[in-house]
>>> print(open('input_39.txt').read())   # compact mmCIF, C-alpha atoms and all ligand atoms
# COMPACT_ATOMS: atom_id res chain seq x y z
CA MET A 1 -18.48 19.31 -0.96
CA PRO A 2 -16.64 22.07 -2.82
CA ASP A 3 -15.76 21.34 -6.44
CA LEU A 4 -12.32 19.86 -6.01
CA THR A 5 -10.31 18.17 -8.72
CA LEU A 6 -9.07 14.66 -8.01
CA CYS A 7 -5.53 15.98 -7.45
CA GLU A 8 -6.84 18.54 -4.95
CA MET A 9 -8.68 15.79 -3.11
CA ALA A 10 -5.48 13.77 -2.99
CA VAL A 11 -3.47 16.69 -1.61
CA ASP A 12 -6.16 17.32 1.01
CA VAL A 13 -5.86 13.70 2.21
CA LEU A 14 -2.05 13.87 2.16
CA THR A 15 -1.96 17.08 4.22
CA THR A 16 -4.39 15.78 6.86
CA ALA A 17 -2.44 14.57 9.89
CA ASP A 18 -4.99 12.72 12.02
CA GLY A 19 -5.44 9.09 10.95
CA PHE A 20 -9.22 8.91 11.26
CA GLU A 21 -9.68 12.30 9.64
CA LYS A 22 -7.38 11.21 6.82
CA THR A 23 -9.28 7.95 6.20
CA ALA A 24 -12.67 9.70 6.46
CA LYS A 25 -11.68 12.23 3.79
CA SER A 26 -10.19 9.45 1.68
CA ARG A 27 -13.43 7.45 1.76
CA THR A 28 -15.62 10.51 1.10
CA TYR A 29 -13.52 11.55 -1.90
CA ALA A 30 -13.44 8.01 -3.27
CA ALA A 31 -17.24 7.82 -3.05
CA ALA A 32 -17.51 11.20 -4.83
CA TRP A 33 -15.14 10.05 -7.58
CA PHE A 34 -17.06 6.84 -8.25
CA ALA A 35 -20.47 8.52 -8.04
CA ALA A 36 -19.35 11.03 -10.68
CA ARG A 37 -17.89 8.24 -12.84
CA GLU A 38 -21.17 6.35 -12.64
CA ALA A 39 -23.13 9.46 -13.54
CA GLY A 40 -20.96 9.81 -16.65
CA ALA A 41 -19.54 13.15 -15.51
CA PRO A 42 -16.07 12.32 -14.18
CA ILE A 43 -14.36 14.68 -11.78
CA ASP A 44 -11.49 16.52 -13.41
CA VAL A 45 -8.11 14.97 -12.54
CA GLY A 46 -6.49 18.43 -12.59
CA ARG A 47 -3.02 19.22 -11.25
CA SER A 48 -1.86 19.94 -7.74
CA VAL A 49 1.51 19.72 -6.04
CA PRO A 50 1.62 16.98 -3.39
CA PRO A 51 3.80 17.48 -0.30
CA LEU A 52 7.14 15.65 -0.36
CA ARG A 53 5.99 13.87 2.81
CA PRO A 54 2.39 13.42 3.95
CA SER A 55 1.16 14.87 7.25
CA ARG A 56 1.01 12.34 10.06
CA PRO A 57 -0.25 12.43 13.65
CA GLU A 58 2.15 13.38 16.46
CA LYS A 59 1.93 9.84 17.75
CA PRO A 60 3.16 7.18 17.00
CA GLU A 61 6.72 8.19 17.58
CA LEU A 62 8.70 7.15 14.50
CA LEU A 63 11.87 5.18 15.18
CA SER A 64 14.45 3.56 12.98
CA PRO A 65 13.39 -0.10 12.41
CA ARG A 66 16.19 -1.46 14.63
CA ASP A 67 15.01 0.67 17.57
CA VAL A 68 11.38 -0.52 17.39
CA PRO A 69 11.10 -3.02 20.28
CA LYS A 70 10.42 -6.61 19.17
CA ARG A 71 7.72 -8.51 21.04
CA LYS A 72 6.83 -12.19 20.94
CA PRO A 73 3.86 -12.63 18.58
CA GLY A 74 2.47 -15.38 20.86
CA SER A 75 1.77 -12.95 23.71
CA PRO A 76 -1.15 -10.50 23.91
CA GLN A 77 1.37 -7.62 23.89
CA GLY A 78 2.94 -9.15 20.81
CA ARG A 79 -0.40 -9.30 19.03
CA ILE A 80 -1.05 -5.64 19.87
CA ALA A 81 2.39 -4.75 18.49
CA LEU A 82 1.67 -6.71 15.31
CA LEU A 83 -1.69 -4.99 14.76
CA HIS A 84 -0.09 -1.64 15.52
CA ALA A 85 2.52 -2.28 12.83
CA VAL A 86 -0.23 -3.24 10.37
CA ALA A 87 -2.18 -0.05 11.16
CA HIS A 88 0.98 1.95 10.44
CA ILE A 89 1.45 0.17 7.10
CA GLU A 90 -2.20 0.77 6.15
CA LEU A 91 -2.04 4.49 6.95
CA ASN A 92 1.12 4.75 4.90
CA ALA A 93 -0.62 2.89 2.08
CA VAL A 94 -3.53 5.39 2.12
CA ASP A 95 -1.00 8.14 1.48
CA LEU A 96 0.93 6.13 -1.11
CA HIS A 97 -2.16 5.50 -3.23
CA TRP A 98 -3.27 9.14 -3.08
CA ASP A 99 0.26 10.40 -3.69
CA ILE A 100 0.64 8.55 -7.01
CA ILE A 101 -2.27 10.56 -8.45
CA PRO A 102 -1.02 14.18 -8.22
CA ARG A 103 2.66 13.18 -8.27
CA PHE A 104 2.39 11.87 -11.83
CA ALA A 105 -0.64 13.79 -13.10
CA HIS A 106 1.53 15.28 -15.88
CA ILE A 107 1.67 11.82 -17.47
CA ASP A 108 -1.31 11.12 -19.69
CA MET A 109 -3.10 8.04 -18.33
CA PRO A 110 -6.54 6.53 -18.97
CA LEU A 111 -9.33 7.19 -16.45
CA GLY A 112 -9.20 3.53 -15.39
CA TYR A 113 -5.77 4.19 -13.91
CA TYR A 114 -7.28 6.78 -11.55
CA ASP A 115 -10.20 4.45 -10.76
CA ASP A 116 -7.73 1.81 -9.60
CA TRP A 117 -5.73 4.05 -7.26
CA VAL A 118 -8.79 5.73 -5.81
CA LYS A 119 -10.28 2.30 -5.11
CA ALA A 120 -6.99 1.11 -3.57
CA ALA A 121 -6.80 4.24 -1.38
CA ASP A 122 -10.39 3.69 -0.27
CA GLU A 123 -9.63 0.08 0.65
CA GLU A 124 -6.49 1.04 2.59
CA SER A 125 -8.60 3.55 4.53
CA LYS A 126 -11.04 0.78 5.40
CA HIS A 127 -8.10 -1.46 6.41
CA PHE A 128 -6.71 1.20 8.75
CA ASN A 129 -10.11 1.66 10.38
CA LEU A 130 -10.64 -2.11 10.74
CA ILE A 131 -7.26 -2.61 12.41
CA CYS A 132 -7.87 0.36 14.71
CA ASP A 133 -11.12 -1.34 15.79
CA CYS A 134 -9.10 -4.47 16.60
CA LEU A 135 -6.61 -2.43 18.62
CA LYS A 136 -9.49 -0.84 20.52
CA GLU A 137 -10.84 -4.26 21.43
CA LEU A 138 -7.45 -4.96 22.99
CA ASP A 139 -7.53 -1.63 24.90
CA SER A 140 -4.94 -0.10 22.62
CA PHE A 141 -4.89 2.42 19.78
CA TYR A 142 -2.79 3.60 16.86
CA GLY A 143 -0.16 5.83 18.43
CA ALA A 144 0.22 3.78 21.62
CA LEU A 145 3.51 2.27 20.43
CA PRO A 146 6.42 3.54 18.36
CA ALA A 147 6.38 2.73 14.64
CA HIS A 148 8.87 2.40 11.82
CA ALA A 149 10.27 5.59 10.37
CA GLY A 150 11.31 5.39 6.76
CA MET A 151 8.08 3.89 5.42
CA TRP A 152 7.83 6.81 3.02
CA LYS A 153 11.30 6.19 1.62
CA ALA A 154 10.07 4.21 -1.40
CA ALA A 155 7.85 7.16 -2.34
CA GLU A 156 10.69 9.67 -2.01
CA ASP A 157 13.09 7.50 -3.99
CA THR A 158 10.64 7.24 -6.88
CA VAL A 159 9.33 10.79 -6.73
CA ASP A 160 10.00 11.41 -10.41
CA ASP A 161 9.72 7.93 -11.86
CA LEU A 162 6.24 6.47 -12.24
CA MET A 163 7.46 3.11 -13.51
CA GLY A 164 9.91 2.92 -10.61
CA ARG A 165 7.06 3.75 -8.22
CA LEU A 166 4.86 1.00 -9.66
CA ALA A 167 7.72 -1.52 -9.57
CA VAL A 168 8.68 -0.81 -5.96
CA VAL A 169 5.41 0.04 -4.22
CA PRO A 170 2.65 -2.27 -5.48
CA MET A 171 4.82 -4.90 -7.17
CA VAL A 172 7.46 -5.32 -4.42
CA LEU A 173 6.17 -3.90 -1.13
CA GLU A 174 2.48 -4.76 -1.46
CA ALA A 175 3.35 -8.14 -3.00
CA ARG A 176 5.40 -8.80 0.14
CA GLY A 177 2.17 -8.28 2.07
CA LEU A 178 0.70 -11.25 0.19
CA ASP A 179 3.64 -13.39 1.35
CA VAL A 180 3.39 -12.56 5.06
CA THR A 181 -0.33 -12.08 5.71
CA PRO A 182 -1.32 -15.80 5.86
CA GLY A 183 1.21 -16.35 8.70
CA MET A 184 -0.21 -13.36 10.53
CA ILE A 185 -3.77 -14.64 10.14
CA GLU A 186 -2.59 -17.94 11.66
CA ILE A 187 -1.19 -16.15 14.74
CA PHE A 188 -4.58 -14.52 15.43
CA ARG A 189 -6.51 -17.67 14.60
CA ARG A 190 -4.51 -19.56 17.23
CA ALA A 191 -5.36 -16.83 19.74
CA ASN A 192 -9.09 -17.06 18.80
CA ALA A 193 -8.99 -13.39 17.91
CA ASP A 194 -11.92 -13.57 15.48
CA LYS A 195 -12.14 -9.87 14.69
CA ALA A 196 -8.45 -9.66 13.80
CA VAL A 197 -8.72 -12.82 11.67
CA GLU A 198 -11.71 -11.39 9.79
CA SER A 199 -10.03 -8.02 9.26
CA LEU A 200 -6.78 -9.54 8.05
CA GLU A 201 -8.72 -11.76 5.66
CA VAL A 202 -10.37 -8.68 4.14
CA ILE A 203 -6.95 -7.08 3.79
CA TYR A 204 -5.45 -10.24 2.29
CA SER A 205 -8.11 -10.55 -0.40
CA GLU A 206 -8.11 -6.85 -1.33
CA GLU A 207 -4.32 -6.51 -1.46
CA VAL A 208 -4.20 -8.94 -4.40
CA GLY A 209 -6.06 -6.24 -6.35
CA HIS A 210 -3.51 -3.55 -5.45
CA VAL A 211 -0.61 -5.67 -6.69
CA ALA A 212 -2.64 -6.41 -9.83
CA TYR A 213 -3.19 -2.67 -10.46
CA GLY A 214 0.55 -2.19 -10.15
CA SER A 215 1.43 -4.88 -12.68
CA LYS A 216 -1.39 -3.81 -15.02
CA TRP A 217 -0.18 -0.20 -15.26
CA PHE A 218 3.46 -1.18 -15.25
CA ASN A 219 2.84 -3.41 -18.28
CA PHE A 220 0.75 -0.68 -19.88
CA LEU A 221 3.65 1.79 -19.62
CA CYS A 222 6.15 -0.81 -20.85
CA GLY A 223 3.93 -1.25 -23.91
CA ARG A 224 3.76 2.50 -24.44
CA HIS A 225 7.56 2.85 -24.31
CA ASN A 226 8.28 -0.45 -26.03
CA HIS A 227 10.21 -1.80 -23.02
CA ASP A 228 10.53 -5.43 -22.04
CA PRO A 229 8.49 -5.66 -18.79
CA LYS A 230 10.64 -8.27 -17.03
CA ASP A 231 14.00 -6.60 -17.77
CA THR A 232 12.62 -3.17 -16.93
CA PHE A 233 11.20 -4.45 -13.65
CA HIS A 234 14.58 -5.94 -12.69
CA THR A 235 16.44 -2.74 -13.57
CA LEU A 236 14.04 -0.50 -11.64
CA VAL A 237 13.84 -2.68 -8.54
CA ARG A 238 17.65 -2.89 -8.41
CA GLN A 239 17.80 0.88 -8.80
CA TYR A 240 15.22 1.85 -6.19
CA PHE A 241 14.76 -1.04 -3.78
CA HIS A 242 17.57 -1.52 -1.32
CA GLY A 243 18.10 -5.20 -0.64
CA ALA A 244 17.01 -8.55 -2.00
CA LEU A 245 13.47 -9.92 -2.05
CA LYS A 246 12.82 -12.49 0.65
CA PRO A 247 11.34 -15.91 -0.09
CA PRO A 248 9.15 -17.80 0.60
CA PHE A 249 6.89 -16.12 -1.93
CA ASN A 250 3.15 -16.59 -2.15
CA GLU A 251 3.39 -17.81 -5.72
CA GLU A 252 -0.32 -18.47 -6.08
CA LYS A 253 -1.51 -15.01 -5.02
CA ARG A 254 1.35 -13.34 -6.86
CA ALA A 255 0.23 -15.15 -10.02
CA ASP A 256 -3.37 -14.02 -9.38
CA ALA A 257 -2.00 -10.47 -9.27
CA GLY A 258 -0.19 -10.87 -12.60
CA LEU A 259 3.29 -11.23 -11.09
CA PRO A 260 5.10 -14.21 -12.67
CA PRO A 261 7.98 -16.00 -10.88
CA ASP A 262 10.58 -14.82 -13.39
CA PHE A 263 9.87 -11.25 -12.24
CA TYR A 264 10.71 -11.79 -8.57
CA TRP A 265 12.93 -14.89 -8.24
CA PRO A 266 15.95 -13.30 -9.98
CA LEU A 267 15.80 -10.52 -7.35
CA ALA A 268 15.67 -12.91 -4.38
CA ASP A 269 18.55 -13.65 -2.02
CA GLN A 270 18.05 -17.41 -2.59
CA LYS A 271 17.46 -19.70 -5.52
CA PRO A 272 14.05 -21.31 -6.06
CA ALA A 273 13.75 -24.81 -4.57
CA ARG A 274 13.07 -26.34 -7.98
CA THR A 275 14.19 -25.30 -11.42
CA ARG A 276 11.63 -23.46 -13.39
FE FE A 301 -4.09 -2.48 2.96
FE FE A 302 -2.59 -2.16 -0.55
>>> encode(input="input_39.txt", output="structure tokens", more="lines below")
Ligand SMILES: [Fe+2]
Ligand SMILES: [Fe+2]
Amino acid sequence: MPDLTLCEMAVDVLTTADGFEKTAKSRTYAAAWFAAREAGAPIDVGRSVPPLRPSRPEKPELLSPRDVPKRKPGSPQGRIALLHAVAHIELNAVDLHWDIIPRFAHIDMPLGYYDDWVKAADEESKHFNLICDCLKELDSFYGALPAHAGMWKAAEDTVDDLMGRLAVVPMVLEARGLDVTPGMIEIFRRANADKAVESLEVIYSEEVGHVAYGSKWFNFLCGRHNHDPKDTFHTLVRQYFHGALKPPFNEEKRADAGLPPDFYWPLADQKPARTR
């Protein structure tokens, strides 16, 4: 492998269009990063300009969310559509975790911050591959159906605000994944789709870590700037996230990820069932 900086690796992943090629590069670079860390000779973080939008394959066709056909989750076609939507989210997540590295490389951060996002990107790559295996078992593939356009919006909105990025991406969007994944696992369990159940369980357990990285580094930056984390979180989510957060929340997993109820309940479109 040529001597790339971490930011150059990130830009290489971001500018690779094919999904499998993207995840293969992502996993190779993550392994190189951690091997160098272990050897005590970390790869230089460097600087590199990431594209405003990552390269993506020609298919799936990207449609506005209201034009993506809805299918009943109880049917085989519905389960394919659900897995296809998850694959799309995972591929987007690969790019999100690599993007945060070069996008904000001008901000001085500890090496552990890079460890966390490289690990998260590696896990998202594994998630994409796992879900593509599930689609294959059902005679489908990523690209067979249309997918949501606008998934990159959160990244574009927070292109020059690291704390905004952390608030919206890991602490709102990925935390939402913790809320909805158990229901999805149940759908596949009822259909005796063992491979999908297993894959979604891997995703569910690893996503807690991604939300935790978000809250860890968000709190770190609040400490650096002497900001109140809860108030800052509310301000940034209201600024960058369009719409209210949707209960029910997975309070247990959110707590495991360092996200207390007084962070998200005030942003919800309902009141909590009991007073806290
Ligand atoms: Fe994931
Ligand atoms: Fe994630």
>>> closest_atom_pairs(input="input_39.txt", of="chain A", to="ligand FE 302 (chain A)", cutoff="12 Å", atoms="only C-alpha atoms and all ligand atoms", output="tab-separated table")
residue	atom	partner	partner_atom	distance
A:Val86	CA	A:FE302	FE	11.2
A:Ala87	CA	A:FE302	FE	11.9
A:Ile89	CA	A:FE302	FE	9.0
A:Glu90	CA	A:FE302	FE	7.3
A:Leu91	CA	A:FE302	FE	10.0
A:Asn92	CA	A:FE302	FE	9.6
A:Ala93	CA	A:FE302	FE	6.0
A:Val94	CA	A:FE302	FE	8.1
A:Asp95	CA	A:FE302	FE	10.6
A:Leu96	CA	A:FE302	FE	9.0
A:His97	CA	A:FE302	FE	8.1
A:Trp98	CA	A:FE302	FE	11.6
A:Asp116	CA	A:FE302	FE	11.1
A:Trp117	CA	A:FE302	FE	9.7
A:Val118	CA	A:FE302	FE	11.3
A:Lys119	CA	A:FE302	FE	10.0
A:Ala120	CA	A:FE302	FE	6.3
A:Ala121	CA	A:FE302	FE	7.7
A:Asp122	CA	A:FE302	FE	9.8
A:Glu123	CA	A:FE302	FE	7.5
A:Glu124	CA	A:FE302	FE	5.9
A:Ser125	CA	A:FE302	FE	9.7
A:Lys126	CA	A:FE302	FE	10.7
A:His127	CA	A:FE302	FE	8.9
A:Phe128	CA	A:FE302	FE	10.7
A:Val169	CA	A:FE302	FE	9.1
A:Pro170	CA	A:FE302	FE	7.2
A:Met171	CA	A:FE302	FE	10.3
A:Val172	CA	A:FE302	FE	11.2
A:Leu173	CA	A:FE302	FE	8.9
A:Glu174	CA	A:FE302	FE	5.8
A:Ala175	CA	A:FE302	FE	8.8
A:Arg176	CA	A:FE302	FE	10.4
A:Gly177	CA	A:FE302	FE	8.2
A:Leu178	CA	A:FE302	FE	9.7
A:Thr181	CA	A:FE302	FE	11.9
A:Val202	CA	A:FE302	FE	11.2
A:Ile203	CA	A:FE302	FE	7.9
A:Tyr204	CA	A:FE302	FE	9.0
A:Ser205	CA	A:FE302	FE	10.0
A:Glu206	CA	A:FE302	FE	7.3
A:Glu207	CA	A:FE302	FE	4.8
A:Val208	CA	A:FE302	FE	8.0
A:Gly209	CA	A:FE302	FE	7.9
A:His210	CA	A:FE302	FE	5.2
A:Val211	CA	A:FE302	FE	7.3
A:Ala212	CA	A:FE302	FE	10.2
A:Tyr213	CA	A:FE302	FE	9.9
A:Gly214	CA	A:FE302	FE	10.1
>>> atom_distance(input="input_39.txt", atom1="CA of Asp3 (chain A)", atom2="CA of Ala41 (chain A)")
12.8 Å
>>> residues_around(input="input_39.txt", residues="Asp157 (chain A)", least_positions_apart="5", cutoff="12 Å", atoms="all atoms listed in the file", output="ChimeraX atom specification")
/A:52-53,150-152,162-169,236-237,239-242
>>> atom_distance(input="input_39.txt", atom1="CA of Arg27 (chain A)", atom2="CA of Arg254 (chain A)")
26.9 Å
>>> closest_residue(input="input_39.txt", among="A:Asn250, A:Asn219, A:Ser199, A:Thr235", to="ligand FE 301 (chain A)", atoms="all atoms listed in the file")
A:Ser199
>>> closest_residue(input="input_39.txt", among="A:Tyr113, A:Glu137, A:His88, A:Ile187", to="ligand FE 301 (chain A)", atoms="only C-alpha atoms and all ligand atoms")
A:His88
>>> residues_around(input="input_39.txt", residues="Leu245 (chain A)", least_positions_apart="2", cutoff="8 Å", atoms="only C-alpha atoms", output="compact mmCIF listing (two decimals) with C-alpha atoms, keeping the file's coordinate frame")
# COMPACT_ATOMS: atom_id res chain seq x y z
CA VAL A 172 7.46 -5.32 -4.42
CA GLY A 243 18.10 -5.20 -0.64
CA PRO A 247 11.34 -15.91 -0.09
CA TYR A 264 10.71 -11.79 -8.57
CA TRP A 265 12.93 -14.89 -8.24
CA LEU A 267 15.80 -10.52 -7.35
CA ALA A 268 15.67 -12.91 -4.38
CA ASP A 269 18.55 -13.65 -2.02
>>> decode(input="input_39.txt", residues="region 228-271 of chain A", atoms="C-alpha atoms", output="short mmCIF file (atom, residue, chain, number, x, y, z; two decimals), in the first residue's frame")
data_model
loop_
_atom_site.label_atom_id
_atom_site.label_comp_id
_atom_site.auth_asym_id
_atom_site.auth_seq_id
_atom_site.Cartn_x
_atom_site.Cartn_y
_atom_site.Cartn_z
CA ASP A 228 -22.97 23.31 28.75
CA PRO A 229 -23.40 20.00 26.86
CA LYS A 230 -27.18 19.71 27.19
CA ASP A 231 -27.96 23.30 26.15
CA THR A 232 -25.44 23.15 23.31
CA PHE A 233 -26.91 19.88 22.07
CA HIS A 234 -30.41 21.38 22.04
CA THR A 235 -29.25 24.50 20.20
CA LEU A 236 -27.33 22.55 17.55
CA VAL A 237 -30.02 19.95 16.92
CA ARG A 238 -32.63 22.71 16.52
CA GLN A 239 -30.28 24.50 14.14
CA TYR A 240 -29.33 21.56 11.93
CA PHE A 241 -31.95 18.84 12.31
CA HIS A 242 -35.22 19.52 10.58
CA GLY A 243 -38.08 18.14 12.61
CA ALA A 244 -38.73 16.71 16.05
CA LEU A 245 -37.28 13.49 17.45
CA LYS A 246 -39.71 10.60 17.43
CA PRO A 247 -40.45 8.52 20.52
CA PRO A 248 -40.53 5.75 21.62
CA PHE A 249 -36.85 5.99 22.49
CA ASN A 250 -34.65 3.07 23.41
CA GLU A 251 -33.79 4.62 26.75
CA GLU A 252 -31.64 1.71 27.91
CA LYS A 253 -29.34 1.61 24.87
CA ARG A 254 -29.26 5.40 24.67
CA ALA A 255 -28.09 5.46 28.29
CA ASP A 256 -25.44 2.83 27.48
CA ALA A 257 -24.24 5.21 24.75
CA GLY A 258 -24.01 8.15 27.16
CA LEU A 259 -27.17 9.88 25.94
CA PRO A 260 -29.33 10.91 28.93
CA PRO A 261 -33.11 11.48 28.58
CA ASP A 262 -32.83 15.23 29.22
CA PHE A 263 -30.81 15.48 25.99
CA TYR A 264 -33.46 14.02 23.69
CA TRP A 265 -36.88 14.33 25.36
CA PRO A 266 -37.01 18.15 25.12
CA LEU A 267 -36.53 17.77 21.34
CA ALA A 268 -39.33 15.20 20.93
CA ASP A 269 -42.75 15.89 19.45
CA GLN A 270 -44.40 14.33 22.54
CA LYS A 271 -43.97 14.50 26.27
#
